[in-house]
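Trainee: Structure file entry22.cif (mmCIF, C-alpha atoms and all ligand atoms) right here:
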```
data_data
#
loop_
_atom_site.label_atom_id
_atom_site.label_comp_id
_atom_site.auth_asym_id
_atom_site.auth_seq_id
_atom_site.Cartn_x
_atom_site.Cartn_y
_atom_site.Cartn_z
CA MET B 19 12.18 -3.48 29.93
CA SER B 20 12.87 -5.30 33.08
CA ASN B 21 13.34 -4.22 36.64
CA ASN B 22 16.74 -5.56 37.56
CA ALA B 23 17.81 -3.14 40.25
CA GLY B 24 21.14 -4.09 41.73
CA ARG B 25 21.13 -7.68 40.52
CA GLY B 26 24.45 -9.32 40.00
CA GLU B 27 26.23 -7.20 42.62
CA LYS B 28 28.75 -9.09 44.68
CA GLU B 29 28.82 -8.35 48.38
CA PRO B 30 32.23 -7.00 49.40
CA SER B 31 33.67 -9.21 52.12
CA ARG B 32 36.96 -10.80 53.10
CA ARG B 33 35.42 -14.25 53.43
CA GLU B 34 31.98 -15.53 52.50
CA PRO B 35 29.64 -15.09 55.49
CA GLY B 36 28.13 -18.24 57.03
CA TRP B 37 24.95 -19.85 55.72
CA SER B 38 22.54 -18.36 58.19
CA THR B 39 24.12 -14.92 58.00
CA ARG B 40 23.59 -15.00 54.25
CA ALA B 41 20.14 -16.56 54.52
CA VAL B 42 19.01 -13.86 56.94
CA HIS B 43 20.72 -10.77 55.53
CA ALA B 44 22.00 -11.26 51.97
CA GLY B 45 20.26 -9.21 49.32
CA GLU B 46 18.35 -7.01 51.77
CA ALA B 47 18.80 -3.28 52.20
CA ARG B 48 19.96 -2.41 55.72
CA GLN B 49 17.51 0.47 55.90
CA LYS B 50 14.22 -0.40 54.23
CA PRO B 51 11.25 1.75 53.24
CA THR B 52 9.25 2.75 56.35
CA SER B 53 12.28 1.54 58.38
CA ALA B 54 10.71 -1.92 58.55
CA VAL B 55 13.10 -4.70 59.58
CA ALA B 56 11.10 -7.33 57.66
CA GLU B 57 11.04 -6.99 53.88
CA PRO B 58 7.94 -4.95 52.90
CA LEU B 59 5.22 -6.70 50.89
CA VAL B 60 4.24 -4.65 47.82
CA PHE B 61 1.20 -5.77 45.87
CA SER B 62 1.00 -3.21 43.09
CA SER B 63 0.69 -4.55 39.55
CA THR B 64 1.89 -1.29 38.06
CA TYR B 65 4.25 1.49 39.17
CA SER B 66 3.72 5.18 38.48
CA PHE B 67 6.00 7.85 37.04
CA GLY B 68 5.95 11.46 38.17
CA SER B 69 5.90 12.83 34.62
CA THR B 70 6.29 11.91 30.97
CA GLN B 71 9.95 12.97 31.20
CA GLU B 72 10.48 10.39 33.96
CA VAL B 73 9.12 7.69 31.65
CA ILE B 74 11.49 8.81 28.90
CA ASP B 75 14.45 8.91 31.30
CA TYR B 76 13.58 5.44 32.52
CA ILE B 77 13.55 4.09 28.97
CA GLN B 78 16.57 5.95 27.65
CA GLN B 79 18.79 5.58 30.71
CA ASN B 80 17.77 1.97 31.42
CA GLN B 81 17.01 2.99 35.00
CA GLN B 82 16.52 0.29 37.56
CA ARG B 83 13.09 0.70 39.07
CA ALA B 84 9.74 -1.06 38.96
CA GLU B 85 7.50 -0.41 35.95
CA TYR B 86 4.95 -3.18 35.48
CA ALA B 87 4.87 -6.20 37.77
CA ARG B 88 5.20 -8.79 34.98
CA TYR B 89 8.77 -7.51 34.41
CA GLY B 90 9.79 -7.51 38.06
CA THR B 91 8.59 -6.56 41.52
CA PRO B 92 10.34 -4.70 44.36
CA GLY B 93 9.99 -7.78 46.60
CA GLU B 94 11.79 -10.14 44.24
CA VAL B 95 14.98 -8.07 44.05
CA ALA B 96 16.01 -8.96 47.61
CA VAL B 97 15.02 -12.60 47.37
CA GLU B 98 16.82 -13.06 44.05
CA ARG B 99 19.99 -11.54 45.50
CA LYS B 100 19.67 -13.77 48.56
CA LEU B 101 19.29 -16.88 46.39
CA ALA B 102 22.26 -15.85 44.22
CA ALA B 103 24.37 -15.34 47.38
CA LEU B 104 23.40 -18.78 48.73
CA GLU B 105 24.13 -20.48 45.43
CA GLY B 106 27.37 -18.56 44.82
CA GLY B 107 26.12 -17.26 41.47
CA ASP B 108 25.98 -13.83 39.88
CA GLU B 109 22.27 -13.63 39.31
CA ALA B 110 19.05 -15.45 40.14
CA VAL B 111 15.78 -15.19 38.22
CA LEU B 112 12.68 -16.08 40.20
CA TYR B 113 9.66 -17.85 38.67
CA ALA B 114 6.12 -18.70 39.63
CA SER B 115 7.10 -22.39 40.01
CA GLY B 116 9.94 -24.80 39.36
CA MET B 117 8.23 -25.95 36.16
CA ALA B 118 7.90 -22.35 34.97
CA ALA B 119 11.68 -22.00 35.47
CA ILE B 120 12.40 -25.17 33.46
CA VAL B 121 10.09 -24.10 30.65
CA GLY B 122 11.52 -20.58 30.77
CA LEU B 123 15.09 -21.81 30.34
CA PHE B 124 14.27 -24.25 27.56
CA MET B 125 12.26 -21.64 25.67
CA THR B 126 15.15 -19.18 26.02
CA LEU B 127 17.88 -21.52 24.83
CA LEU B 128 16.30 -23.80 22.24
CA ASN B 129 15.32 -23.31 18.61
CA GLN B 130 13.69 -25.58 16.09
CA GLY B 131 16.00 -28.48 15.20
CA ASP B 132 18.04 -28.22 18.42
CA GLU B 133 18.56 -31.22 20.67
CA VAL B 134 18.59 -31.78 24.42
CA VAL B 135 20.18 -34.75 26.17
CA PHE B 136 19.03 -35.60 29.68
CA PHE B 137 19.54 -38.25 32.30
CA ASP B 138 16.30 -40.14 32.50
CA GLU B 139 15.75 -40.27 36.28
CA CYS B 140 13.86 -37.05 36.73
CA TYR B 141 10.72 -35.30 37.81
CA HIS B 142 8.07 -36.76 35.52
CA ARG B 143 6.70 -33.38 34.44
CA SER B 144 10.16 -32.22 33.27
CA ARG B 145 10.36 -35.35 31.12
CA GLU B 146 6.81 -34.78 29.90
CA PHE B 147 7.56 -31.21 28.87
CA CYS B 148 10.59 -32.33 26.85
CA VAL B 149 9.04 -35.37 25.23
CA ARG B 150 5.50 -34.11 24.59
CA HIS B 151 5.87 -30.39 24.17
CA LEU B 152 9.36 -29.43 23.04
CA SER B 153 8.86 -31.96 20.24
CA ARG B 154 5.95 -29.85 18.93
CA PHE B 155 8.47 -27.08 18.24
CA GLY B 156 10.90 -29.38 16.46
CA VAL B 157 13.23 -29.84 19.43
CA VAL B 158 14.54 -33.39 19.83
CA THR B 159 15.11 -34.81 23.31
CA ARG B 160 17.36 -37.78 23.90
CA GLN B 161 17.11 -39.61 27.23
CA VAL B 162 20.02 -41.63 28.55
CA ALA B 163 20.24 -43.68 31.73
CA ALA B 164 21.17 -41.58 34.78
CA CYS B 165 24.91 -41.17 35.42
CA GLN B 166 25.85 -43.03 32.22
CA TYR B 167 28.40 -40.50 31.04
CA GLU B 168 29.60 -42.41 27.98
CA ALA B 169 25.98 -42.78 26.85
CA MET B 170 25.40 -39.07 27.37
CA GLU B 171 28.45 -38.21 25.33
CA ALA B 172 27.44 -40.64 22.59
CA ALA B 173 24.00 -39.02 22.39
CA ILE B 174 25.48 -35.58 21.63
CA THR B 175 25.23 -34.45 18.01
CA PRO B 176 26.20 -31.15 16.37
CA LYS B 177 22.63 -30.01 17.10
CA THR B 178 22.83 -30.58 20.87
CA ARG B 179 22.43 -27.36 22.84
CA LEU B 180 21.79 -28.49 26.41
CA LEU B 181 22.71 -31.33 28.79
CA VAL B 182 20.26 -31.72 31.66
CA SER B 183 20.22 -33.65 34.90
CA GLU B 184 18.83 -33.55 38.36
CA SER B 185 21.22 -34.26 41.21
CA PRO B 186 20.27 -36.07 43.32
CA THR B 187 17.60 -37.50 41.05
CA ASN B 188 13.97 -37.88 42.00
CA PRO B 189 13.01 -40.42 43.38
CA HIS B 190 16.11 -42.64 43.01
CA LEU B 191 18.57 -40.18 44.56
CA SER B 192 21.36 -40.94 42.10
CA VAL B 193 24.14 -38.37 42.44
CA VAL B 194 25.75 -36.88 39.34
CA ASP B 195 29.52 -36.58 39.18
CA LEU B 196 29.45 -32.90 38.33
CA GLU B 197 33.05 -32.81 37.16
CA ARG B 198 32.35 -35.44 34.51
CA PHE B 199 29.04 -33.88 33.53
CA VAL B 200 30.62 -30.45 33.06
CA ALA B 201 33.62 -31.90 31.21
CA ILE B 202 31.29 -33.48 28.63
CA GLY B 203 29.48 -30.20 28.09
CA ARG B 204 32.75 -28.30 27.71
CA ARG B 205 34.28 -30.84 25.32
CA HIS B 206 31.31 -30.43 23.02
CA GLY B 207 30.55 -26.75 23.58
CA VAL B 208 27.12 -27.62 25.03
CA ALA B 209 25.52 -25.75 27.95
CA THR B 210 24.73 -27.67 31.17
CA LEU B 211 21.76 -27.48 33.54
CA ILE B 212 21.50 -29.12 36.96
CA ASP B 213 18.16 -29.25 38.72
CA ALA B 214 19.52 -29.25 42.27
CA THR B 215 16.12 -29.08 43.98
CA LEU B 216 16.80 -32.18 46.09
CA ALA B 217 20.26 -31.00 47.12
CA THR B 218 19.77 -27.26 47.70
CA PRO B 219 22.85 -25.01 47.72
CA TYR B 220 23.44 -26.08 51.32
CA ASN B 221 24.36 -29.58 50.17
CA VAL B 222 25.94 -28.90 46.77
CA ARG B 223 26.71 -25.84 44.65
CA PRO B 224 26.91 -26.98 41.02
CA LEU B 225 28.12 -23.58 39.75
CA GLU B 226 31.40 -24.21 41.58
CA TYR B 227 31.94 -27.18 39.26
CA GLY B 228 31.34 -25.05 36.17
CA VAL B 229 27.69 -25.94 35.51
CA ASP B 230 26.10 -23.13 33.46
CA PHE B 231 22.60 -23.08 34.97
CA VAL B 232 21.28 -24.25 38.33
CA LEU B 233 17.58 -24.71 38.84
CA HIS B 234 15.52 -25.18 41.99
CA SER B 235 11.91 -25.77 42.64
CA ALA B 236 11.87 -23.24 45.48
CA THR B 237 8.53 -24.79 46.41
CA LYS B 238 10.62 -27.43 48.23
CA TYR B 239 13.48 -26.79 50.68
CA LEU B 240 14.09 -23.13 49.83
CA GLY B 241 10.54 -22.08 50.71
CA GLY B 242 10.51 -24.89 53.23
CA HIS B 243 6.99 -24.60 54.65
CA ASN B 244 4.72 -26.31 52.11
CA ASP B 245 2.97 -22.99 51.59
CA LEU B 246 4.22 -21.53 48.30
CA LEU B 247 5.08 -22.32 44.70
CA ALA B 248 8.24 -20.81 43.21
CA GLY B 249 11.19 -21.68 41.03
CA VAL B 250 14.59 -20.13 40.45
CA LEU B 251 17.35 -20.24 37.85
CA ILE B 252 20.85 -19.09 38.78
CA GLY B 253 23.87 -18.42 36.57
CA SER B 254 26.10 -15.69 35.23
CA SER B 255 24.54 -12.26 34.63
CA GLU B 256 25.24 -12.63 30.92
CA LYS B 257 23.41 -15.96 30.69
CA MET B 258 20.53 -14.76 32.84
CA GLU B 259 19.78 -11.63 30.83
CA PRO B 260 17.82 -13.33 27.99
CA VAL B 261 16.23 -15.67 30.54
CA ARG B 262 14.87 -12.71 32.50
CA LYS B 263 13.67 -10.96 29.35
CA LEU B 264 11.66 -13.98 28.21
CA ARG B 265 10.22 -14.40 31.71
CA GLY B 266 8.83 -10.88 31.38
CA ILE B 267 7.03 -11.93 28.20
CA MET B 268 5.91 -15.35 29.50
CA GLY B 269 4.41 -13.75 32.60
CA ALA B 270 5.91 -16.53 34.71
CA ILE B 271 6.96 -14.26 37.57
CA ALA B 272 6.31 -15.31 41.17
CA ASN B 273 3.48 -13.40 42.82
CA PRO B 274 4.40 -10.90 45.57
CA HIS B 275 2.87 -12.96 48.37
CA GLY B 276 4.72 -16.12 47.32
CA THR B 277 7.91 -14.07 46.99
CA TYR B 278 7.42 -12.72 50.50
CA LEU B 279 6.86 -16.22 51.90
CA LEU B 280 10.02 -17.43 50.17
CA GLN B 281 12.00 -14.54 51.61
CA ARG B 282 10.67 -15.39 55.07
CA GLY B 283 11.18 -19.13 54.69
CA LEU B 284 14.79 -18.65 53.62
CA LYS B 285 15.70 -17.04 56.94
CA THR B 286 15.75 -20.47 58.60
CA PHE B 287 17.27 -22.28 55.61
CA GLU B 288 20.41 -23.54 57.35
CA LEU B 289 18.56 -24.64 60.48
CA ARG B 290 16.02 -26.57 58.45
CA MET B 291 18.66 -28.15 56.20
CA GLU B 292 20.73 -29.33 59.15
CA ARG B 293 17.65 -30.98 60.63
CA GLN B 294 16.36 -32.42 57.38
CA ASN B 295 19.80 -33.84 56.48
CA ALA B 296 19.96 -35.43 59.95
CA ASN B 297 16.42 -36.78 59.75
CA GLY B 298 17.00 -38.22 56.26
CA LEU B 299 20.14 -40.05 57.38
CA ALA B 300 18.54 -41.35 60.58
CA LEU B 301 15.47 -42.62 58.72
CA ALA B 302 17.58 -44.21 55.97
CA ARG B 303 19.75 -46.01 58.56
CA PHE B 304 16.66 -47.25 60.38
CA LEU B 305 15.06 -48.50 57.16
CA GLU B 306 18.23 -50.25 56.01
CA GLN B 307 18.16 -52.42 59.16
CA HIS B 308 14.47 -53.20 59.00
CA PRO B 309 13.49 -56.74 57.92
CA ARG B 310 10.46 -55.50 55.96
CA VAL B 311 12.63 -53.32 53.75
CA GLU B 312 14.14 -54.68 50.54
CA ARG B 313 16.22 -51.66 49.51
CA VAL B 314 16.86 -48.07 50.58
CA TYR B 315 17.87 -45.31 48.17
CA TYR B 316 19.77 -42.66 50.12
CA PRO B 317 23.14 -41.25 49.01
CA GLY B 318 24.40 -41.02 52.59
CA LEU B 319 24.29 -44.83 52.97
CA GLU B 320 27.36 -46.86 52.04
CA SER B 321 25.11 -49.27 50.17
CA HIS B 322 24.04 -46.52 47.76
CA PRO B 323 25.66 -46.85 44.32
CA TYR B 324 26.65 -43.17 44.34
CA TYR B 325 27.86 -43.02 47.95
CA ASP B 326 31.44 -42.16 46.91
CA VAL B 327 30.36 -39.36 44.56
CA ALA B 328 28.03 -38.05 47.26
CA GLN B 329 30.78 -38.10 49.89
CA ARG B 330 33.06 -36.21 47.55
CA THR B 331 30.61 -33.59 46.39
CA MET B 332 27.80 -33.24 48.95
CA ARG B 333 27.75 -31.74 52.40
CA GLY B 334 24.62 -33.55 53.50
CA PHE B 335 22.21 -35.79 51.67
CA GLY B 336 18.82 -34.21 52.21
CA GLY B 337 15.55 -35.29 53.74
CA LEU B 338 14.24 -37.48 50.93
CA VAL B 339 14.47 -41.25 51.45
CA THR B 340 13.09 -43.75 48.95
CA PHE B 341 12.68 -47.42 49.82
CA LEU B 342 11.19 -50.69 48.61
CA VAL B 343 9.03 -52.85 50.84
CA LYS B 344 10.07 -56.50 50.83
CA ASP B 345 7.69 -58.95 49.11
CA ALA B 346 4.88 -56.40 48.95
CA ASP B 347 2.48 -55.73 46.09
CA TRP B 348 1.15 -52.23 45.52
CA ARG B 349 -1.77 -52.65 47.93
CA GLU B 350 0.40 -53.88 50.80
CA THR B 351 2.74 -50.97 50.12
CA ALA B 352 -0.20 -48.57 50.12
CA ALA B 353 -1.31 -50.00 53.48
CA ILE B 354 2.02 -48.92 55.03
CA VAL B 355 1.58 -45.42 53.57
CA ASP B 356 -1.92 -45.33 55.04
CA ARG B 357 -0.74 -46.45 58.50
CA VAL B 358 1.83 -43.71 59.16
CA ARG B 359 0.54 -41.02 61.50
CA ILE B 360 3.02 -38.17 61.22
CA PRO B 361 3.71 -37.61 57.50
CA ARG B 362 0.80 -36.49 55.37
CA ILE B 363 0.11 -38.37 52.16
CA ALA B 364 1.01 -35.72 49.61
CA PRO B 365 3.35 -34.95 46.73
CA SER B 366 6.28 -32.55 47.26
CA LEU B 367 9.19 -32.53 49.70
CA GLY B 368 11.45 -30.18 51.62
CA GLY B 369 8.85 -28.54 53.85
CA VAL B 370 8.74 -28.59 57.64
CA GLU B 371 5.94 -31.18 57.58
CA SER B 372 7.03 -34.70 56.58
CA LEU B 373 5.25 -36.10 53.53
CA ILE B 374 4.90 -39.64 52.23
CA GLU B 375 3.79 -41.06 48.90
CA GLN B 376 3.85 -44.17 46.77
CA PRO B 377 5.27 -42.99 43.40
CA LEU B 378 3.24 -45.61 41.53
CA VAL B 379 0.03 -44.04 42.80
CA MET B 380 0.97 -40.38 43.15
CA SER B 381 2.81 -39.79 39.88
CA TYR B 382 2.74 -42.88 37.68
CA PHE B 383 -0.77 -44.31 38.13
CA GLU B 384 -1.74 -43.71 34.54
CA CYS B 385 1.45 -45.19 33.09
CA THR B 386 1.59 -48.74 31.74
CA PRO B 387 3.58 -51.33 33.72
CA GLU B 388 6.19 -51.23 30.91
CA GLN B 389 6.56 -47.45 31.29
CA ARG B 390 6.89 -47.81 35.06
CA ARG B 391 9.59 -50.43 34.54
CA GLU B 392 11.35 -48.11 32.10
CA TYR B 393 11.23 -45.24 34.63
CA GLY B 394 12.33 -47.52 37.49
CA ILE B 395 9.15 -47.17 39.55
CA PRO B 396 8.31 -50.53 41.17
CA ASP B 397 4.93 -51.14 42.83
CA ASN B 398 6.55 -51.49 46.27
CA MET B 399 8.36 -48.14 46.25
CA ILE B 400 7.69 -45.51 48.96
CA ARG B 401 9.08 -41.96 48.91
CA TYR B 402 9.41 -40.39 52.34
CA ALA B 403 10.21 -36.66 52.53
CA CYS B 404 11.41 -35.83 56.04
CA GLY B 405 10.29 -32.58 57.57
CA ILE B 406 11.83 -31.06 60.69
CA GLU B 407 9.98 -33.20 63.24
CA ASN B 408 12.11 -35.16 65.70
CA ALA B 409 13.81 -38.17 64.11
CA ASP B 410 12.85 -40.55 66.95
CA ASP B 411 9.18 -39.75 66.43
CA LEU B 412 9.40 -40.25 62.66
CA ILE B 413 11.20 -43.57 63.17
CA ASP B 414 8.77 -44.87 65.84
CA ASP B 415 5.88 -43.94 63.59
CA LEU B 416 7.32 -45.63 60.52
CA LYS B 417 8.20 -48.68 62.61
CA GLN B 418 4.61 -49.14 63.72
CA ALA B 419 3.43 -48.70 60.12
CA LEU B 420 5.87 -51.35 58.86
CA GLU B 421 5.21 -53.79 61.69
CA ALA B 422 1.44 -53.52 62.11
C1 LIG B 501 13.28 -32.18 41.09
C2 LIG B 501 12.12 -31.30 40.75
N1 LIG B 501 12.27 -30.33 39.84
C3 LIG B 501 11.25 -29.51 39.51
C4 LIG B 501 10.01 -29.64 40.07
C5 LIG B 501 8.91 -28.72 39.67
O1 LIG B 501 8.74 -27.74 40.64
P1 LIG B 501 7.33 -26.99 40.95
O2 LIG B 501 6.42 -28.00 41.53
O3 LIG B 501 7.73 -25.90 41.88
O4 LIG B 501 6.84 -26.50 39.63
C6 LIG B 501 9.79 -30.63 41.03
C7 LIG B 501 8.45 -30.78 41.64
O5 LIG B 501 8.11 -31.72 42.27
C8 LIG B 501 10.88 -31.49 41.38
O6 LIG B 501 10.72 -32.47 42.28
#
```
In structure tokens, how does this file's structure come out?
Ligand SMILES: Cc1ncc(COP(=O)(O)O)c(C=O)c1O
Mentor:
Amino acid sequence: MSNNAGRGEKEPSRREPGWSTRAVHAGEARQKPTSAVAEPLVFSSTYSFGSTQEVIDYIQQNQQRAEYARYGTPGEVAVERKLAALEGGDEAVLYASGMAAIVGLFMTLLNQGDEVVFFDECYHRSREFCVRHLSRFGVVTRQVAACQYEAMEAAITPKTRLLVSESPTNPHLSVVDLERFVAIGRRHGVATLIDATLATPYNVRPLEYGVDFVLHSATKYLGGHNDLLAGVLIGSSEKMEPVRKLRGIMGAIANPHGTYLLQRGLKTFELRMERQNANGLALARFLEQHPRVERVYYPGLESHPYYDVAQRTMRGFGGLVTFLVKDADWRETAAIVDRVRIPRIAPSLGGVESLIEQPLVMSYFECTPEQRREYGIPDNMIRYACGIENADDLIDDLKQALEA
């Protein structure tokens, strides 16, 4: 039994409220317990019934209330509704992390002998889960080069159940043409998943293109403060029902404190996204002009191979900028990372604090050079995740690091 009080309700309105109005108010009761304005934080792992008859009524009438915290918590109801409202979907299911959400969806949809096709530019742990772990259950994963739609279609067999891509991809920031991606899925009767962590609903809403499932690592922009782990899957109520049920068995629910932090972080979602989009573009433009830079990957730059798709489908291009340092080996590249003073050297992105990393070191250090070539991770690559600091300060800092 799951606690799914009020999920999937559409808010009655003549037009969709603005981003911040939704981010602040959507999903929340106007009058809350204890009359608190902020969402209350409830830590209980279990929820009591007044009598045995109440337990029976709850079971027989499928009442919507909390029972045991692995199935759902009072705090997540509001945040799930808020996330569904931002994404324009019926229902959101919250997880303990983005990876828990990915695993939760795959375990819900896939059976032995099924196949998954995914674009190969992706978060390395998502790839690892498919290649190393789904294979142990007889699920075959086929990787095709990012945005190669003919190759994706050619990789589909009668056993294919799911097409997967990030958009934009991490760390190359390739942008998927969602119309083409969805058309392939529909032609072959295969479900589609977009991990839109790097875009956020502010920049693109894949459900509007007909994608079946949208996934976010809410650890990133949605939480926005580098202080929580969470993940979310959004889709139709019908598709989310088995997903939620399996989550209750997996125990992959977000903890109440993380849920509270996400709820709080979301209040400033639009303000942060505006700033992070602006910072990303400013930094990318600066880097593109800099003589020490060989190449910049940022979908808001005309030089980016997916600029046209991005212009057509995205509202802004996010705070993540990836670039290659000209004529630098991995140590010279690392020296630039070590010289910056504002961003911290850390994995992750989307928080208020800027972060910087060298993908070779942070995520691919144990790979062979051949694997790194295959994944498109050169030694001189730097991934810069803009926070909400002032763009001029970020640029001055990076300039001194490049020119020292
Ligand atoms: C694009 C993308 N998807 C999923 C994840 C996994 O999210 P989490 O770290 O919240 O498990 C990440 C994490 O870096 C990511 O970058």
Trainee: Could you check which of B:Val95, B:Ile212, B:Val158, B:Ala103 is closest to ligand LIG 501 (chain B), using only C-alpha atoms and all ligand atoms?
Mentor: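 Counting only C-alpha atoms and all ligand atoms, the residue closest to ligand LIG 501 (chain B) is B:Ile212.
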Trainee: Report as a ChimeraX atom specification which protein, DNA and RNA residues come within 9 Å of ligand LIG 501 (chain B), using only C-alpha atoms and all ligand atoms.
Mentor: /B:113-120,140-144,184-189,213-216,233-238,246-249,365-367
Trainee: Record the distance separating CA of Gln82 (chain B) and CA of Lys50 (chain B), expressed in Å with one decimal.
Mentor: 16.8 Å
Trainee: Quick one: everything within 8 Å of Ile413 (chain B), counting all atoms listed in the file, minus sequence neighbours fewer than 3 positions away in the same chain. Send it as a ChimeraX atom specification.
Mentor: /B:301,304,409-410,416-417
Trainee: To one decimal in Å, tell me the separation between CA of Glu226 (chain B) and CA of Glu259 (chain B).
Mentor: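 So the answer is 20.2 Å.
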Trainee: Show which residues sit within 12 Å of Trp348 (chain B), as a PyMOL selection string. Count all atoms listed in the file, and ignore same-chain residues fewer than 5 positions away.
Mentor: chain B and resi 342-343+353-355+375-379+383+395-400
Trainee: Taking C-alpha atoms for each residue, export the selection above as a compact mmCIF listing (two decimals), in the frame of the given file.
Mentor:
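Okay, selection.txt is ready:
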```
# COMPACT_ATOMS: atom_id res chain seq x y z
CA LEU B 342 11.19 -50.69 48.61
CA VAL B 343 9.03 -52.85 50.84
CA ALA B 353 -1.31 -50.00 53.48
CA ILE B 354 2.02 -48.92 55.03
CA VAL B 355 1.58 -45.42 53.57
CA GLU B 375 3.79 -41.06 48.90
CA GLN B 376 3.85 -44.17 46.77
CA PRO B 377 5.27 -42.99 43.40
CA LEU B 378 3.24 -45.61 41.53
CA VAL B 379 0.03 -44.04 42.80
CA PHE B 383 -0.77 -44.31 38.13
CA ILE B 395 9.15 -47.17 39.55
CA PRO B 396 8.31 -50.53 41.17
CA ASP B 397 4.93 -51.14 42.83
CA ASN B 398 6.55 -51.49 46.27
CA MET B 399 8.36 -48.14 46.25
CA ILE B 400 7.69 -45.51 48.96
```
Trainee: From the list B:Glu139, B:Glu371, B:Glu57, B:Asp415, which residue is nearest His243 (chain B) when using all atoms listed in the file?
Mentor: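 Closest to His243 (chain B) of all the choices is B:Glu371.
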Trainee: Just want the 9 Å neighbourhood of His206 (chain B), counted on only C-alpha atoms, with same-chain residues fewer than 2 positions away dropped. Output as a ChimeraX atom specification.
Mentor: /B:171,174-176,178,201-204,208-209
Trainee: In Å, how far is it from CA of Arg99 (chain B) to CA of Phe136 (chain B)?
Mentor: 28.8 Å
Trainee: Might you pull out every residue within 8 Å of Val339 (chain B), with all atoms listed in the file counted and same-chain residues fewer than 5 positions away left off, and present them as a PyMOL selection string?
Mentor: chain B and resi 298+301-302+314-316+401-404
